[in-house]
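Trainee: Before I ask anything, here is the structure I am working with.
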Amino acid sequence: MSTRGSRNTMWRALATLVTIGIAAALALSISPKLGLDLSGGTQIVLQTQDTDRVKANSESTDRGLEVLRGRVDALGVSEPTLARSGSNRIIVELPGIQDPREAAEVIGQTAQLSIHGVDSIATQEQIDAAQKDPDSLVVQDENGEYLNLKPQALDGDEVSDASFGLPDQSSDWVVTIDFSKSGSNAWAKVTGEAACFAGGDPQRRIAILLDNKVISSPQVVVGGTSGTVCDIGQTGGNTQISGDFTKTTAEDLSVLIKGGALPVPVEVIEQRTVGPTLGASAIDASAKAAIIGILLTGIFIVFAYRLAGLMASLALATYALISYALLVWLGATLTLPGLAGFVLAIGLAIDANVLVLERAREEYAVRGRDGLAPALTTGFNKAWSAIIDSNVTTLLAGFLLVFFASGPVKGFGVTLSIGVIASMISALIVARTFTEFLVRRPFMIRNPQLSGIANTGRMRRWINDSGLNLVRRSGLWVTITAAVAVISIGGIVAKGLNLGVEFTGGRLLEYSTSDQVSVETARDAVSDAGFPQAVVQASSSDTAGEENITVRTDDISNDEAAKIEVALGSVGGEIEKQRDELIGPSLGDELRNKAMIAFLIAVGAQMLYLAWRFRWTYAAAAVLSMSSVVLTVVGIFAWWGKPIDGIFLAAVLSIIGLAVNDTIVVFDRIREHTAANKGRRLREVVNEAILHTIPRTINTGLGAMFILGALAFLGGDSLTDFALALLFGLAIGIVSTIFTASSIAILLEERWPQHDEPRSKRVVDPYADVAVAGRESGTV
């Protein structure tokens with residue numbers, strides 16, 4: 001080994017140790033942040049609305065957010081989360097809340113700010129009576145004392161602004177309130193009345209209330225700079241409240257007074273409630289699927305690539321650690337689709353290792369006399385381009401989900417993107433370190449067959465001996481693809497798409513019952529409760545194989561949803577809410593449009609990237625092939641009547657990444673072979689390149705299928721459809737890559753041949769490639 005090579009190996013080994021050490025430390029020290037669909041609770045998305053006086057923008061939404069924060073705190077919810085999304089939306093997450101009615105009512109109200117004079121300190125009799133009278137004027141002040149208030153003197157509409165600051169030559173923070181014209185007169189009147197009483201008298205105080213809760217009850221200062229006297233009060237259109245304020249408390253009070261009444265009305269456009277048992281069972285099912293999938297994938301890779309496959313499997317385990325560590329370090333919220341993305345990425349992470357090991361096998365078949373290490377090094381060098389290109393296309397799909405999806409599906413995009421980055425670290429650093437260590441052991445040098453690199457593999461030997469010509473009938477493959485597309489479109493037209501509530505708007509409720517209930521009985525109970533148009537179905541539970549009852553309706557209120565729950569309880573015994581999703585019609589339209597935009601952008605982005613990396617003919621072939629895969633999967637779901645929802649969108653964008661990923665590997669080899677075989681017929685070169693990549697395509701697909709199969713069988717309704725869509729997409733994508741994409745590329749290249757290839761796109765490699773029959777091809 002050269003000094004430079006030895007130094008590189010040392011640095012990779014050091015990077016591997018540091019990476020694994022840091023990942024382990026992060027994984028053990030930071031707890032994951034679970035989304036409400038895993039931990040249980042309620043998420044409410046509010047959209048602020050324009051009024052004649054105020055526009056719904058970032059500033060007014062931020063003011064509304066602070067008001068809502070105080071209301072949520074009053075609910076006593078543990079660790080609530082409130083955040084602005086965009087310029088006019090507020091996301092409220094309430095862990096543990098299973099009945100969203102109280103939360104939605106409190107959060108959705110337009111807050112009432114009022115200002116009162118104080119009449120007296122309330123007696124115990126008045127306090128007791130007030131607890132039975134919601135309209136009572138007995139309130140508890142900020143110090144815990146009960147006050148008996150006078151009728152309202154001002155409301156929030158008469159407060160024009162509030163701010164905090166330090167007066168000149170003073171170190172005490174104050175809150176300044178500005179009034180409108182009518183508010184200024186009312187303020188002068190209420191303070192003039194209070195000024196007629198002696199200092200310390202309760203009637204000398206003014207109480208400022210928000211939602212009937214005292215946020216401040218200062219005493220009116222008479223004389224001095226305020227100019228306040230009996231019956232005249234404070235004039236000038238503003239006043240200052242002083243006290244033992246810090247900067248923070250002064251700012252909070254000014255925000256409450258300014259925001260008092262929500263500056264703009266809010267509308268609930270999305271509401272999701274998940275029961276705690278559903279989230280726990282989903283975590284359990286995903287964990288089992290991940291463990292079983294990793295074991296099956298690891299066994300398969302070891303069977304296919306022997307000890308080198310074992311090293312790849314160990315690297316796969318470190319990938320899971322690195323991916324999880326990145327997830328918790330970035331503070332990303334782990335959602336149910338995010339769990340699926342995490343598990344899926346494990347299956348995809350093996351792709352880079354398979355690419356490298358297959359290339360290493362080819363190199364060893366030609367230069368076995370040079371040993372295992374040079375073959376492995378060349379395998380990594382030659383696979384680099386395909387690994388980068390294929391991961392970039394998957395990252396594009398992940399980023400589109402992050403920007404265009406909402407709710408838990410956005411979490412899938414986050415974990416998928418993190419998984420892709422982690423898989424590249426695992427394959428290009430960790431796996432390389434492990435396999436290089438293996439092939440340099442004296443035992444392995446003496447017994448190269450045990451490495452898995454020195455043998456060609458049964459599939460490759462069969463391919464070499466078969467004399468297959470897969471592109472001879474390229475026109476036939478394209479015709480078959482077109483026929484399948486027509487059948488798929490027929491399903492979409494004849495059966496229609498079963499769009500989920502995310503795309504149509506409406507409400508989806510899911511319940512588990514202690515007694516077994518037939519769908520007919522549940523449907524009759526829901527109909528008798530006043531919802532004859534509701535769609536009632538059975539759905540598989542994520543636990544013990546039991547069936548739940550799902551009810552899909554139009555956009556109904558929380559009270560109406562409670563009636564459905566009572567009706568089902570009357571026939572099913574003890575009932576537990578598993579899921580409750582409410583999507584407003586405007587948001588449904590928006591999500592449907594975003595889904596279409598995401599798909600079009602995905603197709604356009606993939607085509608532009610491939611046109612840049614290859615040629616427009618290859619880009620068009622890849623996009624047409626990928627589109628046919630997506631159309632076929634959509635057609636299967638249409639004929640089957642399966643739901644088309646946000647989870648399906650995540651699956652479709654993943655299919656786009658997977659299909660293009662496979663195609664890129666084949667096209668990368670075609671480009672390499674074409675550059676090295678200028679004098680040969682295009683179809684011969686393309687066929688040779690396809691045959692060289694078939695073992696990688698099939699082995700990678702099988703590795704991912706083990707993971708997806710485990711998800712399909714163990715994931716319950718929440719993940720089964722996702723896994724099925726990806727299984728269909730993966731299987732169809734393999735066939736499409738081998739037959740459709742390459743056939744279209746040949747037809748386009750023959751129609752518009754390339755005469756002068758830019759040097760920047762040539763693959764310059766000092767090593768010759770290996771032909772199907774085992775002969776050495778020329779160098780570039």
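Letters A, B, ... mark the chains of the structure tokens in the order given; residue numbers begin at 1 per chain; ligand numbers begin at 1, in order shown.
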At a cut-off of 10 Å, using only C-alpha atoms, what residues contact A:Cys230? Leave out same-chain residues fewer than 4 positions from it and give the result as a list in words.
Mentor: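 Near A:Cys230, the qualifying residues are Lys189, Thr191, Gly192, Glu193, Ala194, Ala195, Cys196, Phe197, Val222, Gly223 and Gln234 of chain A.
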Trainee: In stretch 20-74 of chain A, what's helix (DSSP H, G or I) per DSSP? Answer as an MDAnalysis selection string?
Mentor: chainID A and resid 20:29 36:39 58:74
Trainee: Tell me, which residues of stretch 20-79 of chain A carry DSSP strand (DSSP E or B), written as a list in words?
Mentor: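 Written out, the strand (DSSP E or B) residues of stretch 20-79 of chain A are Lys33, Leu34, Gly41, Thr42, Gln43, Ile44, Val45, Leu46, Gln47 and Thr48 of chain A.
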Trainee: Would you save the residues of that selection, restricted to N, CA, C and O atoms, as a compact mmCIF listing (two decimals), in the first residue's frame?
Mentor:
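This went into part-v7.txt:
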```
# COMPACT_ATOMS: atom_id res chain seq x y z
N LYS A 33 -37.67 13.44 20.70
CA LYS A 33 -38.87 14.26 20.81
C LYS A 33 -39.96 13.59 19.98
O LYS A 33 -39.90 13.57 18.75
N LEU A 34 -40.95 13.04 20.68
CA LEU A 34 -42.01 12.30 19.99
C LEU A 34 -43.14 13.22 19.57
O LEU A 34 -43.55 14.11 20.32
N GLY A 41 -52.16 12.82 22.28
CA GLY A 41 -52.51 14.21 22.56
C GLY A 41 -53.26 14.82 21.40
O GLY A 41 -53.74 14.13 20.50
N THR A 42 -53.37 16.15 21.43
CA THR A 42 -54.14 16.87 20.43
C THR A 42 -53.29 17.96 19.79
O THR A 42 -52.59 18.70 20.49
N GLN A 43 -53.37 18.06 18.48
CA GLN A 43 -52.74 19.16 17.76
C GLN A 43 -53.84 19.96 17.05
O GLN A 43 -54.71 19.40 16.40
N ILE A 44 -53.79 21.27 17.22
CA ILE A 44 -54.77 22.16 16.60
C ILE A 44 -54.02 23.18 15.76
O ILE A 44 -53.07 23.81 16.24
N VAL A 45 -54.42 23.33 14.51
CA VAL A 45 -53.83 24.34 13.63
C VAL A 45 -54.87 25.43 13.41
O VAL A 45 -55.98 25.16 12.94
N LEU A 46 -54.51 26.65 13.78
CA LEU A 46 -55.39 27.80 13.65
C LEU A 46 -54.91 28.70 12.53
O LEU A 46 -53.69 28.86 12.34
N GLN A 47 -55.84 29.27 11.80
CA GLN A 47 -55.50 30.23 10.76
C GLN A 47 -56.16 31.56 11.08
O GLN A 47 -57.37 31.63 11.27
N THR A 48 -55.34 32.60 11.16
CA THR A 48 -55.88 33.92 11.48
C THR A 48 -56.58 34.49 10.25
O THR A 48 -56.20 34.23 9.12
```
Trainee: Enter the distance from atom CA of A:Pro337 to atom CA of A:Gly411, in Å, rounded to one decimal.
Mentor: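 Calculated distance between atom CA of A:Pro337 and atom CA of A:Gly411 is 6.5 Å.
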Trainee: Using only C-alpha atoms, pick whichever of A:Ile291, A:Ile418, A:Leu568, A:Leu38 has the shortest atom-to-atom distance to A:Leu334.
Mentor: A:Leu38
Trainee: Provide the atom CA of A:Gly657 to atom CA of A:Ala422 distance in Å, to one decimal place.
Mentor: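 Atom-to-atom, atom CA of A:Gly657 and atom CA of A:Ala422 are spaced 16.5 Å apart.
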Trainee: With only C-alpha atoms as the counted atoms, please give the residues lying no more than 7 Å from A:Gly341, apart from itself and same-chain residues fewer than 4 positions off, as a PyMOL selection string.
Mentor: chain A and resi 337+345+412+415-416
Trainee: Write the residues of the selection above to a file with C-alpha atoms, as a compact mmCIF listing (two decimals), in the first residue's frame.
Mentor:
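Saved as out_2.txt:
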```txt
# COMPACT_ATOMS: atom_id res chain seq x y z
CA PRO A 337 -44.56 8.39 9.22
CA ALA A 345 -33.88 4.32 5.16
CA PHE A 412 -41.25 11.43 7.19
CA THR A 415 -36.19 11.38 8.89
CA LEU A 416 -35.77 10.24 5.27
```
Trainee: Which is closer to A:Leu708 than all the others in A:Asp721, A:Glu688, A:Asp172, A:Asp554, using only C-alpha atoms?
Mentor: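 Smallest separation from A:Leu708 among the options: A:Asp721.
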